Amino acid sequence: MPKVGAHVSAAGNLSLSLDRAWELGAQCTQIFISPPQQWAKVNHSDQIIEEYRRKTESTKISPNFIHAVYLINLASPNPELVRKSIDWLIYSQKLAEKLGMKGTIFHLGSFKNSTEEKALKQVIEAIKEILGSSGQVNLILENSAGAGNLIGDSFREIGEIVRRVNDSRVKVCLDTQHAFASGIDVKSQEGLNKTLQEFDREVGLKNLIAIHANDSKTEFNSKRDRHENIGEGFIGLEGFRNIINHPILKDIPFILEVPGEGSGPDTNNILRLKNLIH
């Protein structure tokens, strides 16, 4: 049976994220370790790290993931931006290992004013550098919604990166809303079967480590990144019933990134998804 969790706030103290998850009924978490719109590298003390590890053990809330800051862009033609992105991800990976977390989930970025092949080569080299400077935790690529020149909106592209990096620490997080918005059918049973077959062929199901469970505020193939509460969007309750009960996904953690009532994932959305499990 899949675990259902949520992106929760770590404001005040990292271990408070686990308290908040417990209150929501979340079984796994995703957090920001620094403000998502800044390059800040917050220095978390050994005491805070140890407290987080103890609380992870006592609550049994796991697996837990870091979500990278939104500024990350490994595909950018701007070398300064790429450098900042690499350095921040190395910082995040080192902290994830100290905290006993699975790793860092991040968006690959955009190659505006460049070419796809040049951007892919650059992304691959950057990922290799990050892996060379971090421990054994996973570096987790998230699929994009397909707007503009974003890297990672197709399984072909993600699979090429995974193959060319050729490191078992590289994993993938599948965002249901991003997939739906980029024209990948995750809603119907038949479509979901074909989607998972394609994922296995291009990326490898062994590399799928998490699912961002988000309904879509926009229609299929909209190319727009707009999350909606579970059952209130274009994927709908039946779509999520198909997704969360698919036998291939039974051991994959589902992490909500929905708006809730305006403050992010809430108990209602977690229960809504849990109640769909057969």
# chains A, B, ... in the order shown; residues from 1 in each chain; ligands from 1

call {"tool": "residues_around", "arguments": {"residues": "stretch 130-139 of chain A", "least_positions_apart": "5", "cutoff": "6 Å", "atoms": "only C-alpha atoms", "output": "list in words"}}
result
Ile90, Gln93, Lys94, Glu97, Lys102, Gly103, Thr104, Arg169 and Val170 of chain A

call {"tool": "residues_around", "arguments": {"residues": "A:Ile31", "least_positions_apart": "4", "cutoff": "8 Å", "atoms": "only C-alpha atoms", "output": "list in words"}}
result
His7, Val8, Ser9, Ala10, Ser17, Phe65, Ile66 and His67 of chain A

call {"tool": "residues_around", "arguments": {"residues": "stretch 215-220 of chain A", "least_positions_apart": "3", "cutoff": "6 Å", "atoms": "only C-alpha atoms", "output": "NGL selection string"}}
result
:A and (177 or 180-181 or 183 or 226-230 or 233-235)

call {"tool": "write_last_selection", "arguments": {"atoms": "N, CA and C atoms", "output": "mmCIF file, in the first residue's frame"}}
result
data_model
loop_
_atom_site.group_PDB
_atom_site.id
_atom_site.type_symbol
_atom_site.label_atom_id
_atom_site.label_comp_id
_atom_site.auth_asym_id
_atom_site.auth_seq_id
_atom_site.Cartn_x
_atom_site.Cartn_y
_atom_site.Cartn_z
ATOM 1 N N GLN A 177 0.348 16.306 -12.164
ATOM 2 C CA GLN A 177 -0.162 17.493 -12.851
ATOM 3 C C GLN A 177 0.746 17.887 -14.007
ATOM 4 N N PHE A 180 0.188 15.398 -16.874
ATOM 5 C CA PHE A 180 -1.110 15.657 -17.509
ATOM 6 C C PHE A 180 -1.038 16.914 -18.376
ATOM 7 N N ALA A 181 -0.413 17.964 -17.859
ATOM 8 C CA ALA A 181 -0.313 19.237 -18.582
ATOM 9 C C ALA A 181 0.612 19.149 -19.791
ATOM 10 N N GLY A 183 0.740 16.556 -21.726
ATOM 11 C CA GLY A 183 0.144 15.662 -22.715
ATOM 12 C C GLY A 183 0.381 14.187 -22.453
ATOM 13 N N ARG A 226 -0.238 24.248 -13.014
ATOM 14 C CA ARG A 226 -1.266 24.787 -12.118
ATOM 15 C C ARG A 226 -1.877 23.642 -11.310
ATOM 16 N N HIS A 227 -1.495 23.536 -10.047
ATOM 17 C CA HIS A 227 -1.971 22.444 -9.201
ATOM 18 C C HIS A 227 -3.370 22.732 -8.653
ATOM 19 N N GLU A 228 -4.131 21.654 -8.450
ATOM 20 C CA GLU A 228 -5.467 21.757 -7.864
ATOM 21 C C GLU A 228 -5.613 20.671 -6.805
ATOM 22 N N ASN A 229 -6.570 20.862 -5.892
ATOM 23 C CA ASN A 229 -6.842 19.868 -4.861
ATOM 24 C C ASN A 229 -7.312 18.556 -5.489
ATOM 25 N N ILE A 230 -7.062 17.464 -4.778
ATOM 26 C CA ILE A 230 -7.405 16.135 -5.281
ATOM 27 C C ILE A 230 -8.913 16.034 -5.532
ATOM 28 N N GLY A 233 -9.923 18.896 -9.897
ATOM 29 C CA GLY A 233 -9.345 19.324 -11.163
ATOM 30 C C GLY A 233 -9.696 18.388 -12.302
ATOM 31 N N PHE A 234 -8.937 18.484 -13.379
ATOM 32 C CA PHE A 234 -9.241 17.739 -14.598
ATOM 33 C C PHE A 234 -8.780 16.284 -14.552
ATOM 34 N N ILE A 235 -7.939 15.917 -13.583
ATOM 35 C CA ILE A 235 -7.604 14.495 -13.414
ATOM 36 C C ILE A 235 -8.738 13.808 -12.667
#

call {"tool": "residues_around", "arguments": {"residues": "stretch 185-188 of chain A", "least_positions_apart": "5", "cutoff": "12 Å", "atoms": "only C-alpha atoms", "output": "JSON, numbers by chain"}}
result
{"A": [174, 175, 176, 177, 178, 179, 180, 193, 194, 195, 196, 197, 198, 199, 211, 213, 214, 215, 216, 219, 220, 221, 231, 233, 234, 235, 236, 237, 238, 239, 240, 241, 242, 243, 244, 246]}

call {"tool": "write_last_selection", "arguments": {"atoms": "N, CA and C atoms", "output": "mmCIF file, in the first residue's frame"}}
result
data_model
loop_
_atom_site.group_PDB
_atom_site.id
_atom_site.type_symbol
_atom_site.label_atom_id
_atom_site.label_comp_id
_atom_site.auth_asym_id
_atom_site.auth_seq_id
_atom_site.Cartn_x
_atom_site.Cartn_y
_atom_site.Cartn_z
ATOM 1 N N LEU A 174 7.752 11.671 -10.380
ATOM 2 C CA LEU A 174 6.727 11.911 -11.399
ATOM 3 C C LEU A 174 5.621 12.781 -10.816
ATOM 4 N N ASP A 175 5.468 13.981 -11.349
ATOM 5 C CA ASP A 175 4.400 14.888 -10.923
ATOM 6 C C ASP A 175 3.189 14.655 -11.822
ATOM 7 N N THR A 176 2.064 14.265 -11.220
ATOM 8 C CA THR A 176 0.876 13.920 -12.009
ATOM 9 C C THR A 176 0.332 15.116 -12.783
ATOM 10 N N GLN A 177 0.348 16.306 -12.164
ATOM 11 C CA GLN A 177 -0.162 17.493 -12.851
ATOM 12 C C GLN A 177 0.746 17.887 -14.007
ATOM 13 N N HIS A 178 2.045 17.853 -13.784
ATOM 14 C CA HIS A 178 2.988 18.205 -14.842
ATOM 15 C C HIS A 178 2.861 17.238 -16.018
ATOM 16 N N ALA A 179 2.718 15.945 -15.707
ATOM 17 C CA ALA A 179 2.561 14.943 -16.766
ATOM 18 C C ALA A 179 1.291 15.216 -17.572
ATOM 19 N N PHE A 180 0.188 15.398 -16.874
ATOM 20 C CA PHE A 180 -1.110 15.657 -17.509
ATOM 21 C C PHE A 180 -1.038 16.914 -18.376
ATOM 22 N N ASN A 193 -1.676 2.822 -17.996
ATOM 23 C CA ASN A 193 -0.895 1.621 -18.324
ATOM 24 C C ASN A 193 0.156 1.928 -19.388
ATOM 25 N N LYS A 194 -0.272 2.623 -20.445
ATOM 26 C CA LYS A 194 0.653 2.972 -21.535
ATOM 27 C C LYS A 194 1.735 3.935 -21.045
ATOM 28 N N THR A 195 1.339 4.868 -20.187
ATOM 29 C CA THR A 195 2.295 5.839 -19.643
ATOM 30 C C THR A 195 3.375 5.144 -18.826
ATOM 31 N N LEU A 196 2.974 4.204 -17.976
ATOM 32 C CA LEU A 196 3.952 3.496 -17.144
ATOM 33 C C LEU A 196 4.832 2.568 -17.980
ATOM 34 N N GLN A 197 4.263 2.005 -19.051
ATOM 35 C CA GLN A 197 5.067 1.189 -19.970
ATOM 36 C C GLN A 197 6.124 2.054 -20.655
ATOM 37 N N GLU A 198 5.701 3.252 -21.080
ATOM 38 C CA GLU A 198 6.645 4.169 -21.728
ATOM 39 C C GLU A 198 7.716 4.619 -20.737
ATOM 40 N N PHE A 199 7.296 4.910 -19.512
ATOM 41 C CA PHE A 199 8.257 5.320 -18.478
ATOM 42 C C PHE A 199 9.296 4.222 -18.269
ATOM 43 N N ILE A 211 6.089 10.152 -6.192
ATOM 44 C CA ILE A 211 5.058 10.758 -7.034
ATOM 45 C C ILE A 211 4.552 12.016 -6.351
ATOM 46 N N ALA A 213 1.554 13.992 -6.087
ATOM 47 C CA ALA A 213 0.137 13.758 -6.373
ATOM 48 C C ALA A 213 -0.609 15.085 -6.369
ATOM 49 N N ASN A 214 -0.821 15.624 -7.552
ATOM 50 C CA ASN A 214 -1.499 16.913 -7.705
ATOM 51 C C ASN A 214 -2.546 16.821 -8.796
ATOM 52 N N ASP A 215 -3.759 17.298 -8.502
ATOM 53 C CA ASP A 215 -4.763 17.414 -9.555
ATOM 54 C C ASP A 215 -4.403 18.632 -10.404
ATOM 55 N N SER A 216 -5.073 18.765 -11.552
ATOM 56 C CA SER A 216 -4.711 19.826 -12.494
ATOM 57 C C SER A 216 -5.815 20.861 -12.653
ATOM 58 N N GLU A 219 -6.552 22.026 -18.363
ATOM 59 C CA GLU A 219 -6.915 20.853 -19.158
ATOM 60 C C GLU A 219 -5.695 20.083 -19.654
ATOM 61 N N PHE A 220 -5.959 18.876 -20.128
ATOM 62 C CA PHE A 220 -4.932 17.988 -20.670
ATOM 63 C C PHE A 220 -4.120 18.696 -21.751
ATOM 64 N N ASN A 221 -2.796 18.559 -21.674
ATOM 65 C CA ASN A 221 -1.872 19.121 -22.665
ATOM 66 C C ASN A 221 -1.872 20.650 -22.692
ATOM 67 N N GLY A 231 -9.270 15.644 -6.760
ATOM 68 C CA GLY A 231 -10.674 15.474 -7.122
ATOM 69 C C GLY A 231 -11.367 16.729 -7.589
ATOM 70 N N GLY A 233 -9.923 18.896 -9.897
ATOM 71 C CA GLY A 233 -9.345 19.324 -11.163
ATOM 72 C C GLY A 233 -9.696 18.388 -12.302
ATOM 73 N N PHE A 234 -8.937 18.484 -13.379
ATOM 74 C CA PHE A 234 -9.241 17.739 -14.598
ATOM 75 C C PHE A 234 -8.780 16.284 -14.552
ATOM 76 N N ILE A 235 -7.939 15.917 -13.583
ATOM 77 C CA ILE A 235 -7.604 14.495 -13.414
ATOM 78 C C ILE A 235 -8.738 13.808 -12.667
ATOM 79 N N GLY A 236 -9.226 14.434 -11.602
ATOM 80 C CA GLY A 236 -10.421 13.968 -10.903
ATOM 81 C C GLY A 236 -10.199 12.772 -9.991
ATOM 82 N N LEU A 237 -11.232 12.461 -9.205
ATOM 83 C CA LEU A 237 -11.135 11.360 -8.248
ATOM 84 C C LEU A 237 -10.917 10.018 -8.929
ATOM 85 N N GLU A 238 -11.614 9.780 -10.057
ATOM 86 C CA GLU A 238 -11.446 8.499 -10.750
ATOM 87 C C GLU A 238 -10.033 8.350 -11.289
ATOM 88 N N GLY A 239 -9.482 9.469 -11.766
ATOM 89 C CA GLY A 239 -8.100 9.444 -12.232
ATOM 90 C C GLY A 239 -7.151 9.053 -11.115
ATOM 91 N N PHE A 240 -7.335 9.663 -9.944
ATOM 92 C CA PHE A 240 -6.457 9.342 -8.815
ATOM 93 C C PHE A 240 -6.739 7.956 -8.244
ATOM 94 N N ARG A 241 -7.965 7.480 -8.383
ATOM 95 C CA ARG A 241 -8.256 6.101 -7.970
ATOM 96 C C ARG A 241 -7.430 5.126 -8.825
ATOM 97 N N ASN A 242 -7.369 5.414 -10.130
ATOM 98 C CA ASN A 242 -6.562 4.579 -11.029
ATOM 99 C C ASN A 242 -5.076 4.652 -10.677
ATOM 100 N N ILE A 243 -4.603 5.863 -10.402
ATOM 101 C CA ILE A 243 -3.170 6.064 -10.143
ATOM 102 C C ILE A 243 -2.731 5.377 -8.852
ATOM 103 N N ILE A 244 -3.438 5.663 -7.759
ATOM 104 C CA ILE A 244 -2.950 5.188 -6.450
ATOM 105 C C ILE A 244 -3.159 3.691 -6.249
ATOM 106 N N HIS A 246 -2.735 1.521 -8.847
ATOM 107 C CA HIS A 246 -2.006 0.776 -9.876
ATOM 108 C C HIS A 246 -0.949 -0.100 -9.205
#

call {"tool": "select_by_dssp", "arguments": {"residues": "stretch 68-264 of chain A", "states": "alpha helix (DSSP H)", "output": "count of residues only"}}
result
78

call {"tool": "residues_around", "arguments": {"residues": "A:Glu50", "least_positions_apart": "4", "cutoff": "8 Å", "atoms": "only C-alpha atoms", "output": "list in words"}}
result
Asp46, Arg54 and Leu99 of chain A

call {"tool": "closest_residue", "arguments": {"among": "A:Lys98, A:Arg163, A:Lys206, A:Lys84", "to": "A:Arg53", "atoms": "only C-alpha atoms"}}
result
A:Lys98

call {"tool": "atom_distance", "arguments": {"atom1": "atom CA of A:Ser222", "atom2": "atom CA of A:Val172"}}
result
22.2 Å

call {"tool": "atom_distance", "arguments": {"atom1": "atom CA of A:Asn166", "atom2": "atom CA of A:Leu205"}}
result
15.0 Å

call {"tool": "residues_around", "arguments": {"residues": "A:Cys28", "least_positions_apart": "2", "cutoff": "6 Å", "atoms": "only C-alpha atoms", "output": "CSV table (one decimal) with N, CA and C atoms, in the first residue's frame"}}
result
chain,number,residue,atom,x,y,z
A,5,GLY,N,1.7,11.3,1.7
A,5,GLY,CA,2.3,12.4,2.5
A,5,GLY,C,2.1,13.8,1.8
A,26,ALA,N,0.0,12.9,7.5
A,26,ALA,CA,0.9,12.5,6.4
A,26,ALA,C,1.9,11.5,6.9
A,61,ILE,N,7.7,8.7,10.3
A,61,ILE,CA,7.3,9.4,9.1
A,61,ILE,C,8.5,9.3,8.1
A,62,SER,N,8.3,8.6,7.1
A,62,SER,CA,9.4,8.4,6.1
A,62,SER,C,8.8,7.7,4.8
A,63,PRO,N,9.4,7.9,3.7
A,63,PRO,CA,10.7,8.6,3.4
A,63,PRO,C,10.4,10.1,3.4
A,64,ASN,N,11.5,10.9,3.5
A,64,ASN,CA,11.4,12.3,3.5
A,64,ASN,C,12.4,12.9,2.5

call {"tool": "select_by_dssp", "arguments": {"residues": "stretch 60-145 of chain A", "states": "strand (DSSP E)", "output": "list in words"}}
result
Asn64, Phe65, Ile66, His67, Gly103, Thr104, Ile105, Phe106, His107, Asn138, Leu139, Ile140, Leu141 and Glu142 of chain A

call {"tool": "write_last_selection", "arguments": {"atoms": "N, CA and C atoms", "output": "PDB file, in the first residue's frame"}}
result
ATOM      1  N   ASN A  64      11.498  10.875   3.524  1.00  0.00           N
ATOM      2  CA  ASN A  64      11.413  12.332   3.518  1.00  0.00           C
ATOM      3  C   ASN A  64      12.365  12.905   2.471  1.00  0.00           C
ATOM      4  N   PHE A  65      11.918  13.978   1.840  1.00  0.00           N
ATOM      5  CA  PHE A  65      12.646  14.565   0.720  1.00  0.00           C
ATOM      6  C   PHE A  65      12.823  16.070   0.913  1.00  0.00           C
ATOM      7  N   ILE A  66      13.890  16.604   0.330  1.00  0.00           N
ATOM      8  CA  ILE A  66      14.062  18.051   0.205  1.00  0.00           C
ATOM      9  C   ILE A  66      13.580  18.449  -1.180  1.00  0.00           C
ATOM     10  N   HIS A  67      12.856  19.563  -1.273  1.00  0.00           N
ATOM     11  CA  HIS A  67      12.567  20.152  -2.588  1.00  0.00           C
ATOM     12  C   HIS A  67      13.499  21.343  -2.759  1.00  0.00           C
ATOM     13  N   GLY A 103      16.831  12.379  -0.443  1.00  0.00           N
ATOM     14  CA  GLY A 103      17.572  13.203  -1.386  1.00  0.00           C
ATOM     15  C   GLY A 103      16.818  14.464  -1.739  1.00  0.00           C
ATOM     16  N   THR A 104      17.253  15.106  -2.832  1.00  0.00           N
ATOM     17  CA  THR A 104      16.700  16.390  -3.259  1.00  0.00           C
ATOM     18  C   THR A 104      15.950  16.246  -4.573  1.00  0.00           C
ATOM     19  N   ILE A 105      14.700  16.714  -4.579  1.00  0.00           N
ATOM     20  CA  ILE A 105      13.885  16.761  -5.797  1.00  0.00           C
ATOM     21  C   ILE A 105      14.049  18.147  -6.410  1.00  0.00           C
ATOM     22  N   PHE A 106      14.317  18.207  -7.711  1.00  0.00           N
ATOM     23  CA  PHE A 106      14.519  19.522  -8.325  1.00  0.00           C
ATOM     24  C   PHE A 106      14.045  19.555  -9.771  1.00  0.00           C
ATOM     25  N   HIS A 107      13.758  20.784 -10.237  1.00  0.00           N
ATOM     26  CA  HIS A 107      13.381  21.019 -11.630  1.00  0.00           C
ATOM     27  C   HIS A 107      14.649  21.275 -12.427  1.00  0.00           C
ATOM     28  N   ASN A 138      19.972  10.302  -2.996  1.00  0.00           N
ATOM     29  CA  ASN A 138      19.513  10.395  -4.381  1.00  0.00           C
ATOM     30  C   ASN A 138      19.370  11.837  -4.857  1.00  0.00           C
ATOM     31  N   LEU A 139      19.725  12.057  -6.107  1.00  0.00           N
ATOM     32  CA  LEU A 139      19.470  13.322  -6.785  1.00  0.00           C
ATOM     33  C   LEU A 139      18.287  13.056  -7.706  1.00  0.00           C
ATOM     34  N   ILE A 140      17.177  13.763  -7.475  1.00  0.00           N
ATOM     35  CA  ILE A 140      15.883  13.341  -8.032  1.00  0.00           C
ATOM     36  C   ILE A 140      15.346  14.357  -9.036  1.00  0.00           C
ATOM     37  N   LEU A 141      15.246  13.939 -10.297  1.00  0.00           N
ATOM     38  CA  LEU A 141      14.761  14.792 -11.374  1.00  0.00           C
ATOM     39  C   LEU A 141      13.239  14.779 -11.395  1.00  0.00           C
ATOM     40  N   GLU A 142      12.637  15.950 -11.493  1.00  0.00           N
ATOM     41  CA  GLU A 142      11.175  16.052 -11.583  1.00  0.00           C
ATOM     42  C   GLU A 142      10.764  16.428 -13.001  1.00  0.00           C
TER      43      GLU A 142
END

call {"tool": "atom_distance", "arguments": {"atom1": "atom CA of A:Val4", "atom2": "atom CA of A:Asp19"}}
result
15.7 Å

call {"tool": "closest_atom_pairs", "arguments": {"of": "stretch 142-253 of chain A", "to": "stretch 115-125 of chain A", "cutoff": "9 Å", "atoms": "only C-alpha atoms", "output": "CSV"}}
result
residue,atom,partner,partner_atom,distance
A:Asn149,CA,A:Glu116,CA,8.1
A:Ile151,CA,A:Leu120,CA,7.8
A:Glu157,CA,A:Leu120,CA,8.2
A:Glu160,CA,A:Leu120,CA,8.5
A:Ile161,CA,A:Ile124,CA,6.1
A:Val162,CA,A:Ile124,CA,8.5
A:Arg164,CA,A:Ile124,CA,7.0
A:Val165,CA,A:Ile124,CA,5.9
